[in-house]
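Structure file input27.txt (compact mmCIF, C-alpha atoms and all ligand atoms) follows.
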# COMPACT_ATOMS: atom_id res chain seq x y z
CA MET A 192 87.51 -228.13 56.54
CA ASP A 193 89.81 -226.52 59.10
CA SER A 194 91.55 -229.21 61.15
CA ARG A 195 90.67 -227.20 64.27
CA ALA A 196 86.97 -227.99 63.78
CA SER A 197 85.68 -230.37 66.43
CA SER A 198 85.85 -234.10 65.76
CA ARG A 199 82.04 -234.23 65.66
CA VAL A 200 81.86 -231.51 63.01
CA GLN A 201 84.74 -233.04 61.00
CA ARG A 202 82.38 -235.98 60.33
CA PHE A 203 79.87 -233.86 58.45
CA GLY A 204 81.79 -232.87 55.30
CA THR A 205 79.92 -231.32 52.37
CA SER A 206 76.57 -232.89 51.70
CA VAL A 207 75.68 -234.39 48.34
CA PHE A 208 72.77 -231.90 48.20
CA ILE A 209 75.22 -229.00 48.02
CA GLU A 210 77.27 -230.85 45.39
CA MET A 211 74.18 -231.57 43.27
CA SER A 212 72.90 -227.98 43.52
CA ARG A 213 76.32 -226.70 42.43
CA LEU A 214 76.41 -229.17 39.55
CA ALA A 215 72.87 -228.13 38.56
CA ARG A 216 73.94 -224.47 38.50
CA ASP A 217 77.11 -225.17 36.51
CA HIS A 218 75.20 -227.16 33.87
CA GLY A 219 72.08 -224.98 33.71
CA ALA A 220 70.04 -227.99 34.83
CA VAL A 221 66.38 -227.93 35.82
CA ASN A 222 66.75 -228.41 39.56
CA LEU A 223 64.36 -231.13 40.72
CA GLY A 224 66.88 -231.99 43.42
CA GLN A 225 66.45 -229.63 46.34
CA GLY A 226 62.98 -229.71 47.92
CA PHE A 227 61.60 -226.20 47.55
CA PRO A 228 58.78 -224.68 45.47
CA ASP A 229 59.82 -222.54 42.50
CA PHE A 230 56.38 -220.89 42.37
CA ALA A 231 55.06 -217.94 44.36
CA GLY A 232 53.46 -218.52 47.73
CA PRO A 233 49.92 -217.17 48.31
CA ALA A 234 49.33 -213.43 48.00
CA PHE A 235 47.55 -213.33 51.37
CA ALA A 236 50.77 -214.47 53.08
CA LYS A 237 52.94 -211.93 51.27
CA GLU A 238 50.50 -209.08 51.94
CA ALA A 239 50.35 -210.00 55.62
CA ALA A 240 54.17 -209.96 55.87
CA VAL A 241 54.37 -206.53 54.22
CA ALA A 242 51.62 -205.23 56.53
CA ALA A 243 53.44 -206.61 59.59
CA ILE A 244 56.70 -204.92 58.55
CA MET A 245 54.94 -201.61 57.88
CA ALA A 246 53.13 -201.87 61.23
CA ASP A 247 56.58 -202.10 62.83
CA HIS A 248 56.44 -205.67 64.04
CA ASN A 249 60.18 -205.64 63.56
CA GLN A 250 61.74 -206.27 66.97
CA TYR A 251 62.42 -209.55 68.76
CA ALA A 252 59.37 -211.74 69.21
CA PRO A 253 58.89 -213.55 72.51
CA SER A 254 61.32 -216.48 72.44
CA HIS A 255 58.54 -219.08 72.18
CA GLY A 256 56.74 -217.17 69.41
CA THR A 257 54.24 -214.36 68.89
CA SER A 258 50.94 -214.88 70.68
CA SER A 259 49.13 -214.43 67.33
CA LEU A 260 50.87 -217.40 65.71
CA ARG A 261 50.78 -219.66 68.76
CA GLU A 262 47.05 -218.98 69.10
CA ALA A 263 46.42 -219.63 65.38
CA ILE A 264 48.24 -222.97 65.71
CA ALA A 265 46.15 -223.87 68.76
CA VAL A 266 42.94 -223.04 66.85
CA ASP A 267 44.14 -225.24 63.98
CA TRP A 268 44.78 -228.18 66.33
CA ALA A 269 41.39 -227.78 68.01
CA GLY A 270 39.60 -227.73 64.63
CA ARG A 271 41.52 -230.54 62.93
CA PHE A 272 42.42 -232.90 65.73
CA ASP A 273 39.91 -232.01 68.42
CA ARG A 274 42.82 -231.34 70.78
CA GLU A 275 42.80 -228.29 73.05
CA VAL A 276 46.37 -227.02 73.06
CA ASP A 277 47.57 -224.33 75.46
CA PRO A 278 49.23 -221.73 73.21
CA GLU A 279 51.22 -220.32 76.13
CA ARG A 280 52.84 -223.54 77.30
CA GLU A 281 52.40 -226.14 74.54
CA VAL A 282 53.26 -224.34 71.28
CA THR A 283 56.78 -223.12 70.39
CA VAL A 284 57.69 -221.26 67.20
CA THR A 285 61.11 -222.09 65.75
CA SER A 286 63.24 -221.10 62.76
CA GLY A 287 61.92 -223.83 60.49
CA ALA A 288 61.29 -227.45 61.31
CA THR A 289 65.05 -227.96 61.10
CA GLU A 290 65.61 -225.91 64.23
CA ALA A 291 62.72 -227.61 66.05
CA ILE A 292 64.21 -231.04 65.25
CA PHE A 293 67.67 -229.90 66.35
CA ALA A 294 66.35 -228.36 69.58
CA ALA A 295 64.21 -231.43 70.36
CA ILE A 296 67.15 -233.77 69.89
CA GLN A 297 69.53 -231.65 71.99
CA ALA A 298 66.82 -231.36 74.65
CA LEU A 299 66.06 -235.07 74.90
CA LEU A 300 69.30 -236.91 74.13
CA GLY A 301 72.78 -236.96 75.62
CA PRO A 302 76.03 -238.87 75.12
CA GLY A 303 75.42 -242.61 74.84
CA ASP A 304 71.68 -242.27 74.20
CA GLU A 305 70.00 -243.74 71.15
CA VAL A 306 67.32 -242.46 68.80
CA VAL A 307 65.36 -244.84 66.59
CA ALA A 308 64.65 -243.47 63.10
CA PHE A 309 63.20 -244.95 59.94
CA GLU A 310 65.74 -245.07 57.16
CA PRO A 311 66.01 -243.40 54.67
CA PHE A 312 65.76 -240.32 56.89
CA TYR A 313 65.87 -236.54 56.42
CA ASP A 314 69.45 -235.33 56.27
CA SER A 315 69.46 -233.17 59.43
CA TYR A 316 68.57 -236.05 61.77
CA GLN A 317 71.99 -237.66 61.86
CA PRO A 318 74.07 -234.48 62.44
CA SER A 319 71.58 -233.34 65.10
CA ALA A 320 72.05 -236.66 66.92
CA VAL A 321 75.84 -236.52 66.52
CA LEU A 322 75.98 -233.02 68.04
CA ALA A 323 74.05 -234.35 71.04
CA GLY A 324 76.56 -237.20 71.36
CA ALA A 325 73.74 -239.65 70.58
CA THR A 326 73.48 -242.43 68.01
CA ILE A 327 70.76 -243.21 65.47
CA ARG A 328 69.44 -246.78 65.35
CA PRO A 329 68.13 -247.02 61.78
CA ILE A 330 65.10 -249.14 60.91
CA THR A 331 65.17 -249.71 57.18
CA LEU A 332 62.02 -249.16 55.13
CA HIS A 333 61.72 -251.52 52.17
CA PRO A 334 60.45 -250.48 48.72
CA PRO A 335 58.14 -250.45 46.89
CA ASP A 336 55.65 -249.69 49.70
CA TRP A 337 58.34 -248.86 52.29
CA THR A 338 57.26 -251.34 54.96
CA PHE A 339 59.41 -252.19 57.98
CA ASP A 340 59.89 -255.42 59.85
CA PRO A 341 58.09 -255.07 63.23
CA ASP A 342 60.65 -257.46 64.78
CA ASP A 343 63.50 -255.17 63.64
CA LEU A 344 61.68 -252.27 65.25
CA ALA A 345 61.05 -254.09 68.52
CA ALA A 346 64.71 -255.20 68.64
CA ALA A 347 65.92 -251.60 68.24
CA PHE A 348 64.50 -250.54 71.62
CA GLY A 349 66.85 -250.88 74.57
CA ALA A 350 67.87 -249.28 77.85
CA THR A 351 69.51 -246.30 76.11
CA THR A 352 66.65 -245.57 73.66
CA LYS A 353 65.26 -242.14 74.52
CA VAL A 354 63.58 -240.93 71.33
CA LEU A 355 61.91 -242.28 68.21
CA LEU A 356 61.96 -239.93 65.25
CA LEU A 357 58.96 -240.47 62.99
CA ASN A 358 58.53 -238.61 59.73
CA THR A 359 55.09 -238.99 58.13
CA PRO A 360 54.34 -238.15 55.33
CA HIS A 361 57.89 -239.26 54.71
CA ASN A 362 60.75 -237.63 52.84
CA PRO A 363 62.20 -239.03 50.57
CA THR A 364 59.85 -242.01 50.04
CA GLY A 365 56.41 -240.32 50.12
CA LYS A 366 55.19 -242.98 52.53
CA VAL A 367 52.25 -242.12 54.78
CA PHE A 368 52.47 -244.40 57.82
CA SER A 369 49.29 -246.46 58.29
CA LEU A 370 47.23 -246.60 61.47
CA VAL A 371 48.41 -250.17 62.12
CA GLU A 372 52.07 -249.14 61.80
CA MET A 373 51.56 -246.08 64.00
CA MET A 374 49.82 -248.17 66.69
CA GLU A 375 52.76 -250.59 66.73
CA ILE A 376 55.25 -247.73 67.02
CA ALA A 377 53.15 -246.12 69.76
CA ARG A 378 52.88 -249.41 71.69
CA LEU A 379 56.67 -249.84 71.73
CA CYS A 380 57.28 -246.21 72.72
CA GLU A 381 54.86 -246.56 75.66
CA GLU A 382 56.36 -249.87 76.71
CA HIS A 383 59.92 -248.44 76.71
CA ASP A 384 59.01 -244.93 77.90
CA VAL A 385 60.34 -243.34 74.72
CA VAL A 386 59.43 -239.85 73.45
CA VAL A 387 58.32 -239.49 69.82
CA VAL A 388 59.60 -236.55 67.82
CA ALA A 389 57.03 -236.51 65.01
CA ASP A 390 58.19 -234.63 61.94
CA GLU A 391 54.91 -233.95 60.12
CA VAL A 392 55.93 -231.11 57.81
CA TYR A 393 54.07 -232.59 54.81
CA ASP A 394 50.83 -233.19 56.72
CA ARG A 395 48.80 -231.08 54.26
CA ILE A 396 50.23 -232.73 51.15
CA VAL A 397 48.58 -236.16 50.85
CA TYR A 398 47.02 -237.96 47.88
CA ASP A 399 44.45 -240.49 46.74
CA GLY A 400 42.48 -240.94 49.92
CA HIS A 401 45.58 -241.34 52.13
CA HIS A 402 45.07 -239.86 55.58
CA HIS A 403 47.76 -238.30 57.68
CA ILE A 404 47.47 -239.48 61.28
CA PRO A 405 49.32 -237.28 63.78
CA MET A 406 51.15 -239.49 66.29
CA ALA A 407 50.05 -237.17 69.14
CA THR A 408 46.39 -238.06 68.50
CA LEU A 409 46.79 -241.80 69.19
CA PRO A 410 45.62 -242.97 72.63
CA GLY A 411 48.22 -242.25 75.31
CA MET A 412 50.61 -240.51 72.90
CA TRP A 413 49.99 -236.80 73.53
CA GLU A 414 52.03 -236.91 76.75
CA ARG A 415 55.08 -238.38 74.98
CA THR A 416 55.04 -236.64 71.58
CA LEU A 417 56.56 -233.44 70.23
CA THR A 418 54.95 -232.71 66.86
CA ILE A 419 57.02 -230.63 64.48
CA ASN A 420 55.71 -228.76 61.48
CA SER A 421 56.77 -226.08 59.01
CA THR A 422 54.67 -223.30 57.56
CA GLY A 423 57.32 -223.17 54.82
CA LYS A 424 55.89 -226.37 53.30
CA THR A 425 52.21 -225.57 53.82
CA PHE A 426 52.41 -222.02 52.46
CA SER A 427 55.27 -222.52 49.97
CA MET A 428 57.47 -220.03 51.82
CA THR A 429 60.45 -222.19 52.73
CA GLY A 430 62.73 -219.13 52.89
CA TRP A 431 60.78 -217.60 55.73
CA LYS A 432 61.85 -220.45 58.00
CA ILE A 433 58.86 -220.42 60.31
CA GLY A 434 58.39 -223.81 61.93
CA PHE A 435 56.83 -224.90 65.19
CA ALA A 436 56.62 -227.65 67.78
CA VAL A 437 53.46 -228.68 69.63
CA GLY A 438 53.60 -230.89 72.70
CA PRO A 439 52.84 -231.20 76.41
CA ALA A 440 54.24 -228.43 78.62
CA PRO A 441 57.17 -230.43 80.13
CA LEU A 442 58.46 -231.52 76.69
CA SER A 443 57.85 -228.03 75.27
CA ALA A 444 59.81 -226.54 78.18
CA ALA A 445 62.77 -228.81 77.42
CA LEU A 446 62.71 -227.83 73.74
CA ARG A 447 62.44 -224.13 74.64
CA ALA A 448 65.45 -224.43 76.94
CA VAL A 449 67.55 -225.19 73.84
CA HIS A 450 65.69 -222.93 71.40
CA GLN A 451 66.34 -219.81 73.53
CA PHE A 452 70.10 -220.28 73.02
CA VAL A 453 70.04 -221.32 69.36
CA THR A 454 68.00 -218.56 67.70
CA PHE A 455 66.24 -217.05 70.75
CA ALA A 456 63.33 -216.04 68.49
CA SER A 457 62.24 -216.30 64.86
CA PRO A 458 61.52 -213.32 62.57
CA THR A 459 58.55 -211.37 63.92
CA PRO A 460 56.87 -210.13 60.69
CA PHE A 461 56.91 -213.63 59.18
CA GLN A 462 55.34 -215.05 62.33
CA GLU A 463 52.59 -212.41 62.12
CA ALA A 464 52.10 -213.26 58.43
CA MET A 465 51.84 -216.98 59.15
CA ALA A 466 49.27 -216.33 61.88
CA THR A 467 47.13 -214.45 59.34
CA SER A 468 47.77 -217.17 56.74
CA LEU A 469 46.56 -219.97 59.01
CA GLN A 470 43.35 -218.02 59.67
CA THR A 471 42.81 -217.19 55.98
CA ALA A 472 43.59 -220.71 54.75
CA ALA A 473 41.05 -222.25 57.11
CA THR A 474 38.16 -220.38 55.49
CA THR A 475 39.13 -220.20 51.79
CA GLY A 476 39.63 -223.82 50.65
CA TYR A 477 43.38 -223.16 50.41
CA TYR A 478 44.39 -226.59 51.73
CA ARG A 479 42.15 -228.49 49.28
CA GLN A 480 43.60 -226.46 46.41
CA LEU A 481 47.16 -227.07 47.67
CA ALA A 482 46.63 -230.85 47.59
CA ARG A 483 44.93 -230.67 44.17
CA ASP A 484 47.79 -228.60 42.69
CA TYR A 485 50.37 -231.05 44.02
CA GLN A 486 48.40 -234.00 42.63
CA ARG A 487 48.53 -232.39 39.17
CA ARG A 488 52.28 -231.77 39.43
CA ARG A 489 52.88 -235.29 40.74
CA ASP A 490 51.00 -236.81 37.82
CA ALA A 491 52.83 -234.64 35.27
CA LEU A 492 56.28 -235.50 36.60
CA GLY A 493 55.35 -239.16 37.07
CA GLN A 494 54.31 -239.40 33.41
CA ALA A 495 57.49 -237.65 32.26
CA LEU A 496 59.70 -240.05 34.22
CA GLU A 497 57.78 -243.13 33.06
CA ALA A 498 58.00 -241.93 29.45
CA ALA A 499 61.77 -241.59 29.85
CA GLY A 500 62.06 -245.17 31.06
CA LEU A 501 62.20 -244.35 34.78
CA PRO A 502 59.14 -245.88 36.47
CA THR A 503 58.13 -244.26 39.74
CA LEU A 504 57.11 -245.81 43.03
CA PRO A 505 53.64 -245.01 44.43
CA ILE A 506 53.49 -242.25 47.05
CA GLY A 507 50.88 -241.27 49.64
CA GLY A 508 52.17 -237.80 50.44
CA SER A 509 55.00 -235.20 50.27
CA TYR A 510 56.26 -233.56 47.07
CA PHE A 511 58.85 -236.12 46.02
CA LEU A 512 58.80 -239.01 43.59
CA MET A 513 61.27 -241.88 43.71
CA ALA A 514 62.17 -243.25 40.29
CA ASP A 515 63.51 -246.73 39.73
CA ILE A 516 66.94 -246.43 38.06
CA SER A 517 67.89 -250.09 38.37
CA GLU A 518 67.57 -250.65 34.61
CA ALA A 519 69.60 -247.56 33.72
CA GLY A 520 72.99 -249.24 34.08
CA PHE A 521 74.66 -247.20 36.80
CA ALA A 522 76.72 -248.55 39.67
CA ASP A 523 74.94 -246.32 42.19
CA ASP A 524 72.47 -243.47 42.56
CA VAL A 525 75.17 -240.80 42.94
CA ALA A 526 76.69 -241.72 39.57
CA PHE A 527 73.22 -241.64 38.00
CA CYS A 528 72.34 -238.23 39.45
CA ARG A 529 75.66 -236.73 38.37
CA TRP A 530 75.14 -238.08 34.88
CA LEU A 531 71.53 -236.90 34.66
CA THR A 532 72.49 -233.39 35.76
CA ARG A 533 75.40 -233.10 33.35
CA GLU A 534 74.05 -234.94 30.32
CA ALA A 535 70.27 -234.45 30.53
CA GLY A 536 70.20 -231.09 32.32
CA VAL A 537 67.87 -232.38 35.03
CA ALA A 538 69.05 -232.52 38.65
CA ALA A 539 67.80 -235.15 41.11
CA VAL A 540 68.98 -236.24 44.54
CA PRO A 541 70.55 -239.64 45.28
CA PRO A 542 68.56 -241.21 48.14
CA SER A 543 71.69 -242.98 49.45
CA ALA A 544 72.41 -239.63 51.16
CA PHE A 545 69.44 -240.43 53.44
CA TYR A 546 70.90 -243.74 54.68
CA ALA A 547 73.19 -244.29 57.66
CA ASP A 548 75.03 -246.76 55.40
CA PRO A 549 74.65 -245.62 51.75
CA ALA A 550 75.32 -249.21 50.61
CA ARG A 551 71.83 -250.14 51.87
CA ALA A 552 70.13 -247.73 49.45
CA PRO A 553 68.16 -249.28 46.58
CA LEU A 554 68.81 -247.95 43.06
CA LEU A 555 66.44 -244.99 43.02
CA ALA A 556 66.58 -241.24 42.40
CA ARG A 557 64.47 -238.60 44.15
CA PHE A 558 62.74 -235.93 42.08
CA CYS A 559 60.96 -232.92 43.64
CA PHE A 560 57.75 -231.81 41.95
CA ALA A 561 57.13 -228.64 43.96
CA LYS A 562 57.65 -226.83 40.67
CA GLN A 563 55.72 -224.73 38.18
CA ASP A 564 54.01 -226.61 35.36
CA ALA A 565 56.51 -224.97 32.95
CA THR A 566 59.48 -226.29 34.97
CA ILE A 567 58.06 -229.81 34.93
CA GLU A 568 57.39 -229.53 31.18
CA LEU A 569 60.99 -228.43 30.56
CA ALA A 570 62.27 -231.34 32.65
CA ALA A 571 59.96 -233.68 30.68
CA ASP A 572 61.41 -232.47 27.36
CA ARG A 573 64.96 -232.93 28.60
CA LEU A 574 64.22 -236.39 29.99
CA ALA A 575 62.59 -237.38 26.69
CA ALA A 576 65.76 -236.31 24.88
CA VAL A 577 67.87 -238.85 26.83
CA ARG A 578 65.29 -241.61 26.75
CA HIS A 579 67.29 -243.64 24.21
CA ARG A 580 70.36 -243.56 26.43
CA LEU A 581 68.39 -244.64 29.50
CA SER A 582 67.28 -247.76 27.64
CA GLN A 583 70.83 -248.74 26.60
CA PRO A 584 72.35 -249.83 29.89
CA ALA A 585 75.65 -250.94 28.37
CA ALA A 586 76.59 -247.50 27.02
CA SER A 587 80.02 -246.65 28.39
CA SER A 588 79.31 -242.89 28.45
CA ARG A 589 76.78 -243.58 31.16
CA ARG A 590 79.28 -245.02 33.58
CA PRO A 591 81.15 -241.93 34.71
C1 LIG A 601 61.09 -234.28 56.45
C2 LIG A 601 61.54 -232.87 56.59
N1 LIG A 601 61.68 -232.36 57.83
C3 LIG A 601 62.10 -231.10 58.01
C4 LIG A 601 62.38 -230.26 56.95
C5 LIG A 601 62.88 -228.87 57.20
O1 LIG A 601 61.89 -227.92 57.18
P1 LIG A 601 62.23 -226.37 57.33
O2 LIG A 601 62.56 -225.87 55.96
O3 LIG A 601 60.99 -225.76 57.89
O4 LIG A 601 63.39 -226.25 58.25
C6 LIG A 601 62.23 -230.74 55.64
C7 LIG A 601 62.56 -229.88 54.49
O5 LIG A 601 62.81 -230.33 53.39
C8 LIG A 601 61.81 -232.08 55.46
O6 LIG A 601 61.67 -232.60 54.24

Entire entry expressed as structure tokens:
Amino acid sequence: MDSRASSRVQRFGTSVFIEMSRLARDHGAVNLGQGFPDFAGPAFAKEAAVAAIMADHNQYAPSHGTSSLREAIAVDWAGRFDREVDPEREVTVTSGATEAIFAAIQALLGPGDEVVAFEPFYDSYQPSAVLAGATIRPITLHPPDWTFDPDDLAAAFGATTKVLLLNTPHNPTGKVFSLVEMMEIARLCEEHDVVVVADEVYDRIVYDGHHHIPMATLPGMWERTLTINSTGKTFSMTGWKIGFAVGPAPLSAALRAVHQFVTFASPTPFQEAMATSLQTAATTGYYRQLARDYQRRRDALGQALEAAGLPTLPIGGSYFLMADISEAGFADDVAFCRWLTREAGVAAVPPSAFYADPARAPLLARFCFAKQDATIELAADRLAAVRHRLSQPAASSRRP
């Protein structure tokens, strides 16, 4: 990096995700690393985008989003959560959840402030905090069920704590926070007058009777919560980068104050298409089918990993599985993922990249199953081919 880059930016470097994607490309690996679907999104979304382009919805949208999409989001909230949301003042469309998280953090935190976040955490949280001059106070989640110590959490709150970042369903662990956990988090945030930035991008992808509970729906929490979501996850259109934030007018105004100078507005035809998609999905059983399809993919990948000698941890939501690599004989998860990409032709992501201190990461690897059945089958074949090497931990070739 150019030495003239700012000292904050110098800290970022190149992420392990970019390294793994490059390695996957170079070795023709099946990429189960990066979290994006390799299958087509729904036809109704694509048709609506084409129609919006042809109808000349091609100029800047209002900065806070098209009225069609903001209204569709408000209808969704009223139907699902029984919460009347004002689409004019309480819904803001952003360029993906990433931008909403960034804007929320810049809006709410300044130099010296602290943000509490459950670790492992999504990779944009830390740089967003650094650019605000703020610091993350990590609360470590412990496998296999990713619980946290309530005393650790209580101790993390202090005079400089301004925000708690909560991601549920959680990437990379697949944890869905329970009502008891959410109530404890909410109690502490009320007591310390802390705002919750709730990253709920996987809210439609939950399994086995798990229920996603939006933080904003707990008693007393609407007034102090900005809920962030991404239509990219729900409609398998991550490249469209249409995300949104829902929250009370004063918090929404703060977020918008940043958003107007980051992207100003998000692409108009894709907003129109997502408005139509939300309306269509509500009446066609789309969400039930989405969860069913992911359950099938989860089970297929889970079986393939188990068969290869990599048992997986249970998940409640999201489209990631964490596999236990502790018996595979590698010093750390980065070494394992490099080896798996090169030697097996299957790319995964080392979860240590999601820790403030990578040394705290348990020996796991994250696999994304937002993939076609054929992709998962190919990965299963390749994993089966290296099964014998995964069960011989002393092999020197596996210690790169
Ligand atoms: C937890 C979490 N938050 C936010 C995002 C970013 O979403 P978007 O692609 O809409 O920016 C992701 C994407 O992987 C994610 O996993």

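Taking only C-alpha atoms and all ligand atoms into account, ligand LIG 601 (chain A) lies nearest to A:Gly224 out of the set A:Pro253, A:Gly493, A:Gly224, A:Gly219.
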
Counting only C-alpha atoms and all ligand atoms, which residues of chain A fall within 7 Å of ligand LIG 601 (chain A), and what is the closest atom pair for each with its distance in Å at one decimal, ordered by chain and rising number, as a tab-separated table?
residue	atom	partner	partner_atom	distance
A:Gly226	CA	A:LIG601	O5	5.5
A:Ser286	CA	A:LIG601	O4	6.8
A:Gly287	CA	A:LIG601	O3	3.4
A:Ala288	CA	A:LIG601	O3	3.8
A:Thr289	CA	A:LIG601	O4	3.7
A:Glu290	CA	A:LIG601	O4	6.4
A:Tyr313	CA	A:LIG601	C1	5.3
A:Asn358	CA	A:LIG601	C1	6.0
A:His361	CA	A:LIG601	C1	6.2
A:Asn362	CA	A:LIG601	C1	4.9
A:Asp390	CA	A:LIG601	N1	5.9
A:Val392	CA	A:LIG601	N1	5.9
A:Ser421	CA	A:LIG601	O3	4.4
A:Thr422	CA	A:LIG601	O3	6.8
A:Gly423	CA	A:LIG601	O3	5.4
A:Lys424	CA	A:LIG601	O3	6.9
A:Thr429	CA	A:LIG601	O2	5.3
A:Lys432	CA	A:LIG601	O3	5.4
A:Ile433	CA	A:LIG601	O3	6.2
A:Gly434	CA	A:LIG601	O3	5.2

Report task. Record the distance separating atom CA of Ala472 of chain A and atom CA of Val276 of chain A, expressed in Å with one decimal. Result ->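 Computed distance, atom CA of Ala472 of chain A to atom CA of Val276 of chain A, equals 19.6 Å.
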
Report task. Work out how far atom CA of Ile296 of chain A is from atom CA of Ser319 of chain A, in Å to one decimal. Result ->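 Here the two named atoms are 6.5 Å from each other.
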
Requested in this report: May I ask for the distance between atom CA of Ile292 of chain A and atom CA of Cys559 of chain A, given in Å to one decimal place?
Outcome: 21.9 Å

**Report entry** Among listed residues A:Met513, A:Ile404, A:Ala236, A:Val284, nearest Met373 of chain A (using all atoms listed in the file)
**Finding:** A:Ile404

Query raised in the report: If we count only C-alpha atoms, what is near Glu210 of chain A at a cut-off of 12 Å, once residues fewer than 3 positions away on the same chain are taken out, given as a list of chain:residue names?
Result: A:Gly204, A:Thr205, A:Ser206, A:Val207, A:Arg213, A:Leu214, A:Ala215, A:Arg216, A:Asp217, A:Gly224, A:Gln225, A:Val525, A:Cys528, A:Arg529, A:Thr532, A:Ala538, A:Ala539, A:Val540, A:Pro541, A:Ala544

Query raised in the report: Excluding same-chain residues fewer than 4 positions from Asp523 of chain A, what lies within 12 Å of it counting all atoms listed in the file, as a PyMOL selection string?
Result: chain A and resi 515-519+527-530+540-544+549-556+589-591

Query raised in the report: Looking at A:Ala323, A:Leu469, A:Ala308, A:Leu446, which one is nearest to Tyr546 of chain A, with distances taken over only C-alpha atoms?
Result: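 For Tyr546 of chain A, the nearest of the candidates is A:Ala308.
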
**Report entry** A:Ser315, A:Ser427, A:Thr331, A:Thr359 ranked by distance to Val397 of chain A, top pick (using all atoms listed in the file)
**Finding:**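 Among the listed residues, the smallest separation from Val397 of chain A belongs to A:Thr359.
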
Query raised in the report: Once you count all atoms listed in the file, which residues end up no further than 12 Å from (55.3, -243.3, 75.5) in the file's frame, shown as a PyMOL selection string?
Result: chain A and resi 352-355+374-388+406-407+409-417

**Report entry** Neighbour list for segment 450-461 of chain A as a PyMOL selection string, cut-off 10 Å, all atoms listed in the file, skip fewer than 5 positions in-chain
**Finding:** chain A and resi 236-237+239-257+260+283-287+290-291+293-295+297-298+428+431-434+444-445+466-467

Query raised in the report: Smallest atom-to-atom distance to Leu481 of chain A: which of A:Asn420, A:Gln201, A:Ser259, A:Ser509, using all atoms listed in the file?
Result: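 For Leu481 of chain A, the nearest of the given residues is A:Ser509.
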
Query - Contacts of segment 262-267 of chain A within 9 Å, all atoms listed in the file, excl. fewer than 2 positions in-chain, as a list in words - result: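 Skipping anything fewer than 2 positions along the chain leaves Thr257, Ser258, Ser259, Leu260, Ala269, Gly270, Arg271, Phe272, Arg274, Glu275, Val276, Asp277, Pro278, Glu279, Glu281, Val282, Phe435, Val437, Met465, Ala466, Thr467, Leu469, Gln470 and Ala473 of chain A.
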
Query raised in the report: Counting all atoms listed in the file, what is within 12 Å of Tyr398 of chain A, bar same-chain residues fewer than 4 positions away, as a ChimeraX atom specification?
Result: /A:360,365-367,393-394,402-403,479,481-490,505-510

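Nearest-residue note for Tyr316 of chain A: choosing from A:Trp337, A:Asp399, A:Ala499, A:Leu357, the minimum distance belongs to A:Leu357, counting only C-alpha atoms.
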